[in-house]
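One file, run13.txt, is given below (compact mmCIF, C-alpha atoms).
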```txt
# COMPACT_ATOMS: atom_id res chain seq x y z
CA MET A 398 -105.56 29.84 83.68
CA LEU A 399 -108.41 27.71 82.38
CA GLY A 400 -110.20 28.92 79.37
CA LEU A 401 -113.41 27.88 77.74
CA GLY A 402 -113.10 24.48 76.13
CA ASN A 403 -110.34 23.28 78.42
CA THR A 404 -110.83 20.32 80.72
CA LEU A 405 -109.31 19.98 84.19
CA THR A 406 -108.63 16.41 85.28
CA ALA A 407 -107.09 14.96 88.42
CA SER A 408 -105.83 11.45 87.84
CA ASP A 409 -103.32 11.09 90.68
CA PRO A 410 -103.73 11.10 94.47
CA ILE A 411 -103.09 14.40 96.12
CA GLU A 412 -99.39 14.50 96.63
CA GLY A 413 -98.17 14.44 100.21
CA ILE A 414 -101.27 12.83 101.75
CA ILE A 415 -100.35 9.46 103.20
CA GLN A 416 -102.97 6.76 103.57
CA LEU A 417 -103.29 5.45 107.13
CA GLY A 418 -103.98 1.77 107.58
CA THR A 419 -106.32 0.28 110.16
CA PHE A 420 -106.01 -0.34 113.85
CA THR A 421 -105.81 -4.00 114.74
CA GLY A 422 -107.35 -3.64 118.17
CA PHE A 423 -109.32 -1.22 120.30
CA ILE A 424 -109.71 -1.85 123.99
CA PHE A 425 -112.33 0.05 125.96
CA VAL A 426 -112.76 -1.63 129.28
CA GLY A 427 -113.51 -0.56 132.83
CA SER A 428 -110.29 -0.74 134.80
CA PRO A 429 -108.83 -0.39 137.27
CA ASN A 430 -110.91 2.18 139.18
CA ASP A 431 -114.66 2.49 139.17
CA GLU A 432 -114.80 5.84 137.43
CA ASN A 433 -112.18 5.19 134.80
CA VAL A 434 -111.82 3.06 131.74
CA THR A 435 -108.73 1.83 129.98
CA VAL A 436 -108.62 2.84 126.33
CA ALA A 437 -105.89 1.39 124.14
CA LEU A 438 -105.23 1.13 120.44
CA ALA A 439 -103.19 -1.62 118.84
CA TYR A 440 -101.78 -1.37 115.35
CA SER A 441 -99.14 -2.76 113.06
CA ASP A 442 -99.48 -0.22 110.24
CA THR A 443 -96.28 1.68 109.59
CA ALA A 444 -98.16 4.81 108.51
CA ILE A 445 -100.00 4.92 111.85
CA ASN A 446 -96.66 4.42 113.55
CA SER A 447 -95.32 7.42 111.68
CA ALA A 448 -98.43 9.53 112.30
CA PHE A 449 -98.02 8.98 116.02
CA ASN A 450 -94.34 9.81 115.54
CA ILE A 451 -93.59 6.90 117.83
CA ASP A 452 -89.98 6.34 116.86
CA GLY A 453 -87.76 7.93 119.45
CA VAL A 454 -90.63 8.32 121.95
CA SER A 455 -90.12 6.51 125.22
CA GLU A 456 -92.78 4.34 126.82
CA GLY A 457 -95.33 6.50 128.57
CA GLU A 458 -94.54 9.70 126.66
CA LYS A 459 -97.19 11.63 124.78
CA THR A 460 -97.35 10.97 121.08
CA SER A 461 -98.19 13.09 118.06
CA GLY A 462 -101.46 13.16 116.21
CA THR A 463 -104.90 14.29 117.31
CA LEU A 464 -107.27 11.74 118.72
CA THR A 465 -111.00 12.19 118.97
CA LEU A 466 -112.91 9.81 121.19
CA THR A 467 -116.66 9.49 121.15
CA VAL A 468 -118.37 7.42 123.82
CA THR A 469 -122.03 6.54 123.59
CA ARG A 470 -124.18 4.81 126.16
CA LEU A 471 -126.65 2.29 124.81
CA ASP A 472 -130.03 1.26 126.10
CA SER A 473 -131.12 -2.33 126.63
CA GLY A 474 -131.98 -2.62 122.96
CA GLY A 475 -128.56 -1.50 121.84
CA ASN A 476 -129.78 1.91 120.74
CA PRO A 477 -127.83 5.09 121.48
CA VAL A 478 -129.28 7.00 124.42
CA ALA A 479 -130.12 10.54 123.48
CA GLY A 480 -127.61 13.08 124.66
CA ALA A 481 -125.16 10.43 125.71
CA THR A 482 -122.48 11.10 123.17
CA THR A 483 -119.46 13.11 124.10
CA THR A 484 -116.30 14.06 122.35
CA GLY A 485 -113.35 15.71 123.94
CA GLU A 486 -109.67 16.33 123.89
CA VAL A 487 -107.70 13.16 124.35
CA TYR A 488 -104.04 12.31 124.20
CA GLY A 489 -102.12 9.26 123.09
CA TYR A 490 -99.29 7.83 125.12
CA LYS A 491 -96.91 5.19 123.94
CA GLY A 492 -97.18 1.73 125.40
CA GLY A 493 -95.30 -1.32 124.23
CA ALA A 494 -94.70 -2.23 120.62
CA GLY A 495 -97.71 -1.31 118.50
CA VAL A 496 -99.80 -0.01 121.40
CA VAL A 497 -101.00 3.49 122.27
CA TYR A 498 -103.01 4.31 125.39
CA ILE A 499 -105.47 7.18 125.36
CA SER A 500 -105.95 9.57 128.23
CA ASP A 501 -107.82 12.77 128.94
CA THR A 502 -104.93 13.93 131.07
CA ASP A 503 -102.57 16.27 129.24
CA GLN A 504 -99.11 15.68 130.57
CA SER A 505 -95.75 15.03 128.99
CA SER A 506 -95.66 11.45 130.13
CA PHE A 507 -96.93 9.01 132.70
CA ASP A 508 -95.63 5.80 134.17
CA VAL A 509 -97.18 2.89 132.33
CA ALA A 510 -95.01 0.31 134.04
CA GLY A 511 -94.76 1.19 137.71
CA GLY A 512 -97.02 -0.68 140.06
CA ASP A 513 -97.98 2.42 142.00
CA SER A 514 -98.33 4.81 139.09
CA ASP A 515 -101.52 6.70 138.37
CA PHE A 516 -102.01 4.60 135.29
CA ASN A 517 -101.92 1.31 137.13
CA ALA A 518 -103.15 2.12 140.60
CA SER A 519 -105.60 4.98 140.49
CA GLY A 520 -106.46 5.18 136.86
CA ALA A 521 -105.99 8.94 136.94
CA ALA A 522 -104.34 8.99 133.57
CA LEU A 523 -107.10 7.11 131.80
CA ILE A 524 -110.48 8.20 130.55
CA ASP A 525 -113.04 9.23 133.15
CA ILE A 526 -116.35 8.93 131.31
CA THR A 527 -118.27 10.45 134.20
CA SER A 528 -116.70 13.83 133.48
CA PHE A 529 -115.14 13.43 130.07
CA GLY A 530 -115.83 15.71 127.16
CA ASP A 531 -118.57 18.23 126.58
CA VAL A 532 -121.39 16.41 128.38
CA THR A 533 -121.56 16.51 132.16
CA ASP A 534 -122.00 12.78 132.70
CA ILE A 535 -123.03 10.18 130.16
CA THR A 536 -123.34 7.37 132.67
CA ASP A 537 -126.55 6.07 134.19
CA ASN A 538 -126.27 6.20 137.95
CA SER A 539 -129.39 4.10 138.43
CA VAL A 540 -127.64 0.93 137.31
CA SER A 541 -124.26 -0.61 138.06
CA THR A 542 -123.40 -1.54 134.51
CA SER A 543 -124.20 -0.17 131.07
CA ASN A 544 -123.21 -0.95 127.53
CA TYR A 545 -121.25 1.61 125.56
CA THR A 546 -119.76 2.03 122.14
CA ALA A 547 -116.58 3.96 121.66
CA THR A 548 -115.06 5.31 118.49
CA VAL A 549 -111.64 6.84 118.18
CA THR A 550 -110.29 8.74 115.19
CA LEU A 551 -106.67 9.61 114.58
CA THR A 552 -105.82 12.64 112.49
CA ALA A 553 -102.38 13.95 111.74
CA PRO A 554 -101.12 16.56 109.27
CA GLY A 555 -100.17 14.95 105.99
CA TYR A 556 -102.17 11.79 106.60
CA THR A 557 -105.67 10.58 105.99
CA SER A 558 -107.67 9.80 109.12
CA ALA A 559 -108.11 6.36 110.68
CA SER A 560 -110.99 5.29 112.88
CA VAL A 561 -111.85 2.22 114.91
CA GLN A 562 -114.85 1.31 117.02
CA SER A 563 -115.40 -0.99 119.96
CA SER A 564 -118.39 -1.88 122.06
CA GLY A 565 -118.83 -3.54 125.38
CA SER A 566 -120.13 -3.35 128.91
CA ILE A 567 -118.52 -1.03 131.41
CA ASN A 568 -119.14 -1.53 135.09
CA LEU A 569 -118.69 1.82 136.79
CA ASN A 570 -120.24 0.82 140.09
CA THR A 571 -122.11 4.08 140.20
CA ALA A 572 -125.33 2.66 141.65
CA MET B 536 -127.52 -2.99 143.58
CA ALA B 537 -123.81 -2.96 143.17
CA THR B 538 -120.70 -4.80 142.30
CA ARG B 539 -119.76 -6.75 145.39
CA ILE B 540 -116.41 -8.08 144.20
CA LYS B 541 -114.36 -6.77 141.30
CA LEU B 542 -110.96 -8.22 140.53
CA GLY B 543 -109.42 -7.00 137.29
CA PHE B 544 -106.09 -8.39 136.17
CA ILE B 545 -105.56 -6.70 132.79
CA ALA B 546 -104.08 -3.43 134.04
CA ASP B 547 -101.87 -4.53 136.92
CA GLY B 548 -98.53 -2.82 137.19
CA ASN B 549 -96.73 -5.70 138.80
CA THR B 550 -93.29 -6.79 137.68
CA ASN B 551 -93.29 -9.60 135.19
CA GLU B 552 -93.15 -13.04 136.84
CA ALA B 553 -93.74 -11.53 140.29
CA LYS B 554 -95.84 -13.67 142.60
CA VAL B 555 -99.16 -12.09 143.52
CA ALA B 556 -99.65 -12.09 147.29
CA SER B 557 -102.61 -9.69 147.48
CA LYS B 558 -105.31 -8.42 145.16
CA PRO B 559 -107.73 -5.77 146.45
CA SER B 560 -111.36 -5.96 145.41
CA LYS B 561 -112.70 -2.78 143.80
CA GLY B 562 -116.33 -3.62 144.46
CA SER B 563 -118.36 -2.64 147.50
CA ASN B 564 -116.21 -5.20 149.23
CA THR B 565 -112.83 -3.50 149.20
CA ASN B 566 -110.98 -6.19 151.10
CA SER B 567 -108.07 -7.99 149.52
CA PHE B 568 -107.83 -11.56 148.38
CA THR B 569 -104.51 -12.77 149.68
CA GLN B 570 -102.19 -15.75 149.60
CA ALA B 571 -99.26 -16.22 151.98
CA THR B 572 -97.93 -19.52 150.66
CA ALA B 573 -95.49 -18.99 147.81
CA SER B 574 -96.48 -22.09 145.88
CA LYS B 575 -100.13 -21.07 145.86
CA LYS B 576 -99.56 -17.53 144.57
CA PRO B 577 -100.39 -16.86 140.92
CA THR B 578 -97.81 -15.17 138.68
CA SER B 579 -98.01 -11.69 137.16
CA LYS B 580 -97.51 -11.20 133.47
CA SER B 581 -96.63 -7.62 132.59
CA ARG B 582 -97.61 -5.77 129.43
CA GLY B 583 -96.06 -7.45 126.44
CA ASN B 584 -95.68 -10.65 128.43
CA ALA B 585 -99.32 -11.57 128.91
CA HIS B 586 -100.54 -14.66 127.13
CA SER B 587 -100.30 -14.47 123.35
CA THR B 588 -104.08 -14.59 122.98
CA LEU B 589 -104.30 -11.19 124.69
CA SER B 590 -103.49 -7.75 123.32
CA PRO B 591 -99.98 -6.57 124.15
CA ALA B 592 -101.65 -3.58 125.82
CA LEU B 593 -102.77 -5.81 128.67
CA THR B 594 -101.40 -7.64 131.64
CA SER B 595 -102.67 -10.92 133.01
CA VAL B 596 -102.08 -13.22 135.95
CA SER B 597 -101.00 -16.76 135.19
CA CYS B 598 -102.32 -19.67 137.21
CA ASP B 599 -101.01 -23.23 137.11
CA GLY B 600 -103.86 -25.10 138.76
CA THR B 601 -102.39 -24.90 142.25
CA ASN B 602 -103.18 -21.26 143.01
CA VAL B 603 -105.84 -19.76 145.24
CA MET B 604 -106.45 -16.34 146.79
CA SER B 605 -108.73 -15.85 149.76
CA LEU B 606 -110.71 -13.27 151.69
CA ALA B 607 -110.23 -12.95 155.43
CA SER B 608 -114.00 -12.69 155.93
CA THR B 609 -116.67 -14.48 153.93
CA GLU B 610 -118.69 -12.46 151.42
CA SER B 611 -122.14 -14.03 151.33
CA ILE B 612 -124.67 -13.47 148.59
CA SER B 613 -128.28 -14.54 148.75
CA PRO B 614 -130.20 -15.10 145.51
CA ILE B 615 -133.42 -14.98 147.50
CA SER B 616 -132.75 -11.41 148.57
CA THR B 617 -131.38 -9.84 145.41
CA GLY B 618 -130.21 -12.45 142.96
CA TYR B 619 -126.57 -12.52 141.92
CA THR B 620 -124.31 -12.69 138.91
CA MET B 621 -120.81 -14.11 138.86
CA ILE B 622 -118.61 -13.45 135.87
CA CYS B 623 -115.16 -14.90 135.26
CA ALA B 624 -112.98 -14.34 132.20
CA TRP B 625 -109.73 -16.11 131.41
CA THR B 626 -107.63 -17.37 128.56
CA ASN B 627 -105.24 -20.25 127.85
CA GLY B 628 -107.47 -22.58 129.86
CA ASP B 629 -106.54 -26.21 130.40
CA TYR B 630 -109.40 -28.34 131.68
CA THR B 631 -107.60 -31.56 132.50
CA ASN B 632 -108.90 -31.26 136.06
CA ASP B 633 -111.99 -29.71 137.60
CA THR B 634 -111.60 -25.95 137.98
CA TRP B 635 -113.12 -24.16 140.94
CA LEU B 636 -113.41 -20.52 139.91
CA ILE B 637 -115.23 -19.13 142.96
CA SER B 638 -115.64 -21.08 146.18
CA GLY B 639 -116.47 -20.96 149.85
CA THR B 640 -114.87 -22.63 152.81
CA SER B 641 -118.20 -23.77 154.26
CA ASN B 642 -119.00 -27.20 152.84
CA ASP B 643 -116.68 -26.52 149.90
CA ALA B 644 -119.38 -24.62 148.07
CA HIS B 645 -118.22 -23.76 144.55
CA TRP B 646 -118.97 -22.72 141.01
CA GLY B 647 -116.59 -24.08 138.41
CA ILE B 648 -115.90 -26.08 135.28
CA LYS B 649 -115.76 -29.85 135.16
CA ALA B 650 -112.71 -31.60 133.72
CA GLY B 651 -113.01 -31.59 129.96
CA GLY B 652 -114.53 -28.12 129.74
CA ALA B 653 -117.97 -29.38 128.71
CA ASP B 654 -119.82 -29.03 132.01
CA VAL B 655 -120.35 -26.35 134.62
CA ILE B 656 -120.31 -27.56 138.22
CA PHE B 657 -121.98 -26.13 141.30
CA LYS B 658 -122.06 -27.17 144.90
CA ALA B 659 -124.26 -25.46 147.42
CA ASP B 660 -123.30 -24.61 150.97
CA GLY B 661 -124.79 -27.64 152.68
CA SER B 662 -123.79 -31.04 154.00
CA LYS B 663 -126.75 -33.11 152.89
CA ALA B 664 -127.15 -34.95 149.63
CA ALA B 665 -129.31 -32.23 148.14
CA ALA B 666 -126.36 -29.88 148.41
CA GLY B 667 -124.00 -32.21 146.58
CA GLU B 668 -122.05 -31.13 143.53
CA ARG B 669 -124.24 -30.72 140.45
CA ASP B 670 -123.11 -31.14 136.89
CA TYR B 671 -124.62 -28.98 134.16
CA PRO B 672 -123.59 -30.18 130.69
CA ILE B 673 -122.99 -27.33 128.23
CA ASN B 674 -122.14 -29.40 125.14
CA SER B 675 -125.76 -30.00 124.29
CA THR B 676 -128.87 -27.92 123.76
CA ALA B 677 -131.05 -29.95 126.11
CA ASN B 678 -131.63 -27.00 128.43
CA SER B 679 -129.94 -24.20 126.53
CA THR B 680 -129.75 -22.48 123.18
CA THR B 681 -126.17 -23.32 122.32
CA SER B 682 -123.88 -26.34 122.62
CA TYR B 683 -120.50 -25.20 123.82
CA THR B 684 -117.18 -26.43 125.18
CA PHE B 685 -114.62 -24.13 126.80
CA GLY B 686 -111.38 -23.81 124.85
CA SER B 687 -107.95 -22.23 125.07
CA ASP B 688 -108.82 -18.79 123.70
CA VAL B 689 -110.37 -15.95 125.72
CA GLU B 690 -113.40 -17.32 127.56
CA MET B 691 -116.08 -15.95 129.84
CA ILE B 692 -118.65 -17.62 132.02
CA ALA B 693 -121.56 -15.80 133.62
CA MET B 694 -123.79 -17.42 136.22
CA VAL B 695 -127.01 -15.47 136.70
CA VAL B 696 -128.98 -16.73 139.70
CA ASP B 697 -132.25 -15.17 140.81
CA SER B 698 -134.54 -16.74 143.39
CA THR B 699 -136.43 -13.60 144.29
CA SER B 700 -139.49 -15.07 142.61
CA PHE B 701 -140.73 -18.49 141.59
CA PRO B 702 -139.46 -20.37 139.66
CA ALA B 703 -135.80 -19.71 140.37
CA VAL B 704 -133.56 -18.65 137.52
CA ALA B 705 -130.03 -20.03 137.17
CA ASP B 706 -128.84 -19.31 133.66
CA ILE B 707 -125.28 -19.77 132.50
CA TYR B 708 -123.83 -17.85 129.56
CA ASN B 709 -120.62 -17.93 127.51
CA ILE B 710 -118.55 -15.15 125.95
CA ASP B 711 -120.97 -14.89 123.02
CA GLY B 712 -123.82 -14.16 125.42
CA ASP B 713 -125.32 -17.52 124.51
CA LYS B 714 -127.16 -19.48 127.16
CA ILE B 715 -125.15 -22.66 127.52
CA ALA B 716 -126.88 -24.18 130.54
CA ASP B 717 -129.95 -23.80 132.70
CA ALA B 718 -129.01 -24.98 136.15
CA ALA B 719 -132.54 -24.49 137.44
CA ALA B 720 -133.96 -26.73 134.73
CA VAL B 721 -131.37 -29.46 135.16
CA ASN B 722 -131.31 -29.59 138.93
CA VAL B 723 -132.49 -26.74 141.08
CA ASN B 724 -131.30 -28.23 144.36
CA GLY B 725 -129.25 -25.79 146.35
CA ILE B 726 -129.41 -23.03 143.75
CA SER B 727 -131.41 -20.74 146.02
CA SER B 728 -129.16 -21.13 149.04
CA THR B 729 -126.85 -18.38 150.19
CA PHE B 730 -123.48 -18.72 148.52
CA PRO B 731 -120.34 -18.03 150.57
CA ILE B 732 -117.37 -16.49 148.77
CA ASP B 733 -114.00 -17.06 150.41
CA HIS B 734 -111.71 -18.07 147.57
CA VAL B 735 -111.08 -17.40 143.89
CA LEU B 736 -108.97 -19.23 141.31
CA GLY B 737 -109.11 -22.57 143.12
CA LYS B 738 -109.94 -24.60 146.19
CA SER B 739 -108.66 -23.42 149.55
CA ASP B 740 -106.01 -26.16 149.70
CA GLY B 741 -104.49 -25.14 146.37
CA THR B 742 -106.03 -27.93 144.34
CA LEU B 743 -108.61 -27.82 141.54
CA GLY B 744 -107.42 -24.38 140.50
CA LEU B 745 -107.58 -22.52 137.21
CA ASN B 746 -104.89 -23.67 134.83
CA GLY B 747 -104.74 -20.61 132.60
CA ASP B 748 -104.47 -16.83 132.68
CA ILE B 749 -107.13 -14.97 134.63
CA ILE B 750 -108.54 -11.73 133.18
CA ASP B 751 -111.45 -10.73 135.40
CA ILE B 752 -113.60 -11.91 138.29
CA GLU B 753 -116.76 -9.97 139.15
CA VAL B 754 -119.63 -10.67 141.50
CA PHE B 755 -122.80 -8.57 141.44
CA ASN B 756 -125.67 -8.72 143.90
CA GLU B 757 -128.13 -8.47 141.07
CA ALA B 758 -129.22 -10.68 138.22
CA LEU B 759 -127.69 -8.83 135.29
CA PRO B 760 -129.87 -8.62 132.18
CA LEU B 761 -128.89 -10.39 128.99
CA HIS B 762 -127.77 -7.28 127.12
CA ILE B 763 -125.22 -6.57 129.85
CA ILE B 764 -123.98 -10.16 129.75
CA GLN B 765 -123.59 -9.80 126.00
CA GLY B 766 -121.78 -6.50 126.50
CA LYS B 767 -119.40 -8.13 128.94
CA GLY B 768 -118.68 -10.80 126.36
CA SER B 769 -117.99 -8.17 123.71
CA THR B 770 -115.60 -6.44 126.07
CA TYR B 771 -113.61 -9.61 126.67
CA LYS B 772 -113.54 -10.40 122.97
CA SER B 773 -111.99 -6.98 122.35
CA LEU B 774 -109.07 -7.97 124.56
CA LYS B 775 -107.87 -10.56 122.08
CA ASP B 776 -104.65 -9.92 120.22
```
Render the structure in this file as structure tokens.
Amino acid sequence: MLGLGNTLTASDPIEGIIQLGTFTGFIFVGSPNDENVTVALAYSDTAINSAFNIDGVSEGEKTSGTLTLTVTRLDSGGNPVAGATTTGEVYGYKGGAGVVYISDTDQSSFDVAGGDSDFNASGAALIDITSFGDVTDITDNSVSTSNYTATVTLTAPGYTSASVQSSGSINLNTA
Amino acid sequence: MATRIKLGFIADGNTNEAKVASKPSKGSNTNSFTQATASKKPTSKSRGNAHSTLSPALTSVSCDGTNVMSLASTESISPISTGYTMICAWTNGDYTNDTWLISGTSNDAHWGIKAGGADVIFKADGSKAAAGERDYPINSTANSTTSYTFGSDVEMIAMVVDSTSFPAVADIYNIDGDKIADAAAVNVNGISSTFPIDHVLGKSDGTLGLNGDIIDIEVFNEALPLHIIQGKGSTYKSLKD
């Protein structure tokens, strides 16, 4: 119990909270279907590897950790378009070494290698930004191509959070 | 306005080292580019086996300069009607020979890169001298904002051609969204003619092909604005390992 005249100091990091490193790559690119985009994270940080609990997880299986993805459509001047930001529930799936794919499809696993799998052929296990999240549709159907920024944040119990952002043009062929 | 041809190679599920016989377009043209001759088929690189300049999350298709894939029916685009934009992205490029990226059977019309990687080349669909192959240097700022030479890392070229009004526009951009050539300013001959698309990756006979790993080929029947070209470049940069 602290009494008058006593000083409380905290000189050490909070025990048990592990610092996550940074992602080395963030891919957000329209492929392979018109309405879907491929979202992938690359990393080499061992703490991120642990936060995803990758070890022992087979390729294509869902990983641990909570991912938040925010996608924003930009206007011709690079400014965010009002009401065009959406955040939703997303899931990470293990790819090859140091790679996690993100999907809005909650399933135990999907085939990341098969030529006819949803992931490769129909894009069903990727992110559909025309219906993703809490906004009906952030795309602009009056044009074939728009610029977007995307930010993903990984949170996991016992770890700090790690974020990475990417920007680029997505051709959804919605015109 | 729409994407006429869309060929993406970074999320293919093909077996590593498999020869690619058919690649369906995801644009408004949904036909497949095909190749029946084994020696002219490009080679799939699965995830983890794509070129080292690319993220291990991606696939690619490797070309050795002798590959070509073709449509059964010509896709024609007229810059007088709507303008057009052609975008190609690749990596690991070798420019020892001329590289025809997109071409037509009629009169060997083509857009490509001249040997050395410091010029863009264009030939219109015509048999007369005015339709001969044109050479647009990119390693100077004579008609552009940036001097550039294509290298072995991830590259993009965008040809934006618009003849819907006078004067015609034929601007060429790199992966940074920099204007590296102005084909209309250098030589406007043939620019406004209808361009026939029959082949990608090389000439129909399997010569003058891309020697590198193809990432994307897209053709739009619209002159894309600069901010979209820049966005495309940013996207391709994000694919680097």
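Straight-line separation from CA of Ile692 in chain B to CA of Arg470 in chain A: 23.8 Å.
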Given 8 Å on each side, where is the centre and what are the edge lengths in Å to one decimal of the axis-aligned box enclosing the listed atoms of range 443-461 of chain A, as AutoDock Vina command-line options?
```
--center_x -93.9 --center_y 7.4 --center_z 118.5 --size_x 28.2 --size_y 27.4 --size_z 36.1
```
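If all atoms listed in the file are the atoms counted, then among B:Gly543, B:Pro614, B:Pro672, B:Pro702 the closest residue to Thr594 in chain B is B:Gly543.
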Problem set entry | Contacts of Gln416 in chain A at 8 Å (only C-alpha atoms; same-chain gap of 3+ positions) as a PyMOL selection string | chain A and resi 444+556-558
Exercise. Can you list, as an MDAnalysis selection string, every protein, DNA or RNA residue that comes within 10 Å of range 704-708 of chain B when you count all atoms listed in the file, leaving out same-chain residues fewer than 2 positions away?
Worked result: chainID B and resid 614 618:622 655 671 673 678:681 683 691:702 710:723 726:727 758 761 764:765 768
Write the residues you've just listed into a file as a short mmCIF file (atom, residue, chain, number, x, y, z; two decimals), in the coordinates of the input, and include C-alpha atoms for each of them.
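Below you can see out_32.cif, which holds the result:
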```
data_model
loop_
_atom_site.label_atom_id
_atom_site.label_comp_id
_atom_site.auth_asym_id
_atom_site.auth_seq_id
_atom_site.Cartn_x
_atom_site.Cartn_y
_atom_site.Cartn_z
CA PRO B 614 -130.20 -15.10 145.51
CA GLY B 618 -130.21 -12.45 142.96
CA TYR B 619 -126.57 -12.52 141.92
CA THR B 620 -124.31 -12.69 138.91
CA MET B 621 -120.81 -14.11 138.86
CA ILE B 622 -118.61 -13.45 135.87
CA VAL B 655 -120.35 -26.35 134.62
CA TYR B 671 -124.62 -28.98 134.16
CA ILE B 673 -122.99 -27.33 128.23
CA ASN B 678 -131.63 -27.00 128.43
CA SER B 679 -129.94 -24.20 126.53
CA THR B 680 -129.75 -22.48 123.18
CA THR B 681 -126.17 -23.32 122.32
CA TYR B 683 -120.50 -25.20 123.82
CA MET B 691 -116.08 -15.95 129.84
CA ILE B 692 -118.65 -17.62 132.02
CA ALA B 693 -121.56 -15.80 133.62
CA MET B 694 -123.79 -17.42 136.22
CA VAL B 695 -127.01 -15.47 136.70
CA VAL B 696 -128.98 -16.73 139.70
CA ASP B 697 -132.25 -15.17 140.81
CA SER B 698 -134.54 -16.74 143.39
CA THR B 699 -136.43 -13.60 144.29
CA SER B 700 -139.49 -15.07 142.61
CA PHE B 701 -140.73 -18.49 141.59
CA PRO B 702 -139.46 -20.37 139.66
CA ILE B 710 -118.55 -15.15 125.95
CA ASP B 711 -120.97 -14.89 123.02
CA GLY B 712 -123.82 -14.16 125.42
CA ASP B 713 -125.32 -17.52 124.51
CA LYS B 714 -127.16 -19.48 127.16
CA ILE B 715 -125.15 -22.66 127.52
CA ALA B 716 -126.88 -24.18 130.54
CA ASP B 717 -129.95 -23.80 132.70
CA ALA B 718 -129.01 -24.98 136.15
CA ALA B 719 -132.54 -24.49 137.44
CA ALA B 720 -133.96 -26.73 134.73
CA VAL B 721 -131.37 -29.46 135.16
CA ASN B 722 -131.31 -29.59 138.93
CA VAL B 723 -132.49 -26.74 141.08
CA ILE B 726 -129.41 -23.03 143.75
CA SER B 727 -131.41 -20.74 146.02
CA ALA B 758 -129.22 -10.68 138.22
CA LEU B 761 -128.89 -10.39 128.99
CA ILE B 764 -123.98 -10.16 129.75
CA GLN B 765 -123.59 -9.80 126.00
CA GLY B 768 -118.68 -10.80 126.36
#
```
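Taking only C-alpha atoms into account, chain B lies nearest to A:Asp472 out of the set A:Asp531, A:Asp503, A:Asp472, A:Asp537.
Of the listed residues A:Thr484, A:Asp534, A:Tyr545, A:Gln504, the one whose atoms come nearest to Asn568 in chain A is A:Tyr545, with distances taken using only C-alpha atoms.
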Exercise. If we count all atoms listed in the file, which residues of chain B reach to within 8 Å of chain A? Please list them as an NGL selection string.
Worked result: :B and (536-538 or 543 or 545-550 or 561-562 or 582-583 or 590-592 or 762-770 or 773-776)
So that I have them on file, write out the residues from the current selection with C-alpha atoms, as a short mmCIF file (atom, residue, chain, number, x, y, z; two decimals), keeping the file's coordinate frame.
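Written output follows (result-v4.cif):
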```cif
data_model
loop_
_atom_site.label_atom_id
_atom_site.label_comp_id
_atom_site.auth_asym_id
_atom_site.auth_seq_id
_atom_site.Cartn_x
_atom_site.Cartn_y
_atom_site.Cartn_z
CA MET B 536 -127.52 -2.99 143.58
CA ALA B 537 -123.81 -2.96 143.17
CA THR B 538 -120.70 -4.80 142.30
CA GLY B 543 -109.42 -7.00 137.29
CA ILE B 545 -105.56 -6.70 132.79
CA ALA B 546 -104.08 -3.43 134.04
CA ASP B 547 -101.87 -4.53 136.92
CA GLY B 548 -98.53 -2.82 137.19
CA ASN B 549 -96.73 -5.70 138.80
CA THR B 550 -93.29 -6.79 137.68
CA LYS B 561 -112.70 -2.78 143.80
CA GLY B 562 -116.33 -3.62 144.46
CA ARG B 582 -97.61 -5.77 129.43
CA GLY B 583 -96.06 -7.45 126.44
CA SER B 590 -103.49 -7.75 123.32
CA PRO B 591 -99.98 -6.57 124.15
CA ALA B 592 -101.65 -3.58 125.82
CA HIS B 762 -127.77 -7.28 127.12
CA ILE B 763 -125.22 -6.57 129.85
CA ILE B 764 -123.98 -10.16 129.75
CA GLN B 765 -123.59 -9.80 126.00
CA GLY B 766 -121.78 -6.50 126.50
CA LYS B 767 -119.40 -8.13 128.94
CA GLY B 768 -118.68 -10.80 126.36
CA SER B 769 -117.99 -8.17 123.71
CA THR B 770 -115.60 -6.44 126.07
CA SER B 773 -111.99 -6.98 122.35
CA LEU B 774 -109.07 -7.97 124.56
CA LYS B 775 -107.87 -10.56 122.08
CA ASP B 776 -104.65 -9.92 120.22
#
```
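Excluding Pro731 in chain B and any residue on its chain fewer than 5 positions from it, the residues at most 8 Å away by only C-alpha atoms are B:Thr609, B:Glu610, B:Ser611, B:Ile612, B:Ser638, B:Gly639, B:Thr640, B:Ser641, B:Ala644, B:Asp660.
The interatomic distance for the pair CA of Gly628 in chain B and CA of Gly747 in chain B works out to 4.3 Å.
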Can you sort out range 545-549 of chain A so it carries N, CA and C atoms, written as a CSV table (one decimal), keeping the file's coordinate frame?
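For reference, part_23.csv as written:
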```
chain,number,residue,atom,x,y,z
A,545,TYR,N,-121.7,0.4,126.3
A,545,TYR,CA,-121.2,1.6,125.6
A,545,TYR,C,-120.6,1.2,124.2
A,546,THR,N,-120.6,2.2,123.3
A,546,THR,CA,-119.8,2.0,122.1
A,546,THR,C,-118.8,3.2,122.2
A,547,ALA,N,-117.6,2.9,121.7
A,547,ALA,CA,-116.6,4.0,121.7
A,547,ALA,C,-115.9,4.0,120.3
A,548,THR,N,-115.7,5.1,119.8
A,548,THR,CA,-115.1,5.3,118.5
A,548,THR,C,-113.9,6.3,118.7
A,549,VAL,N,-112.8,5.9,118.1
A,549,VAL,CA,-111.6,6.8,118.2
A,549,VAL,C,-111.1,7.1,116.8
```
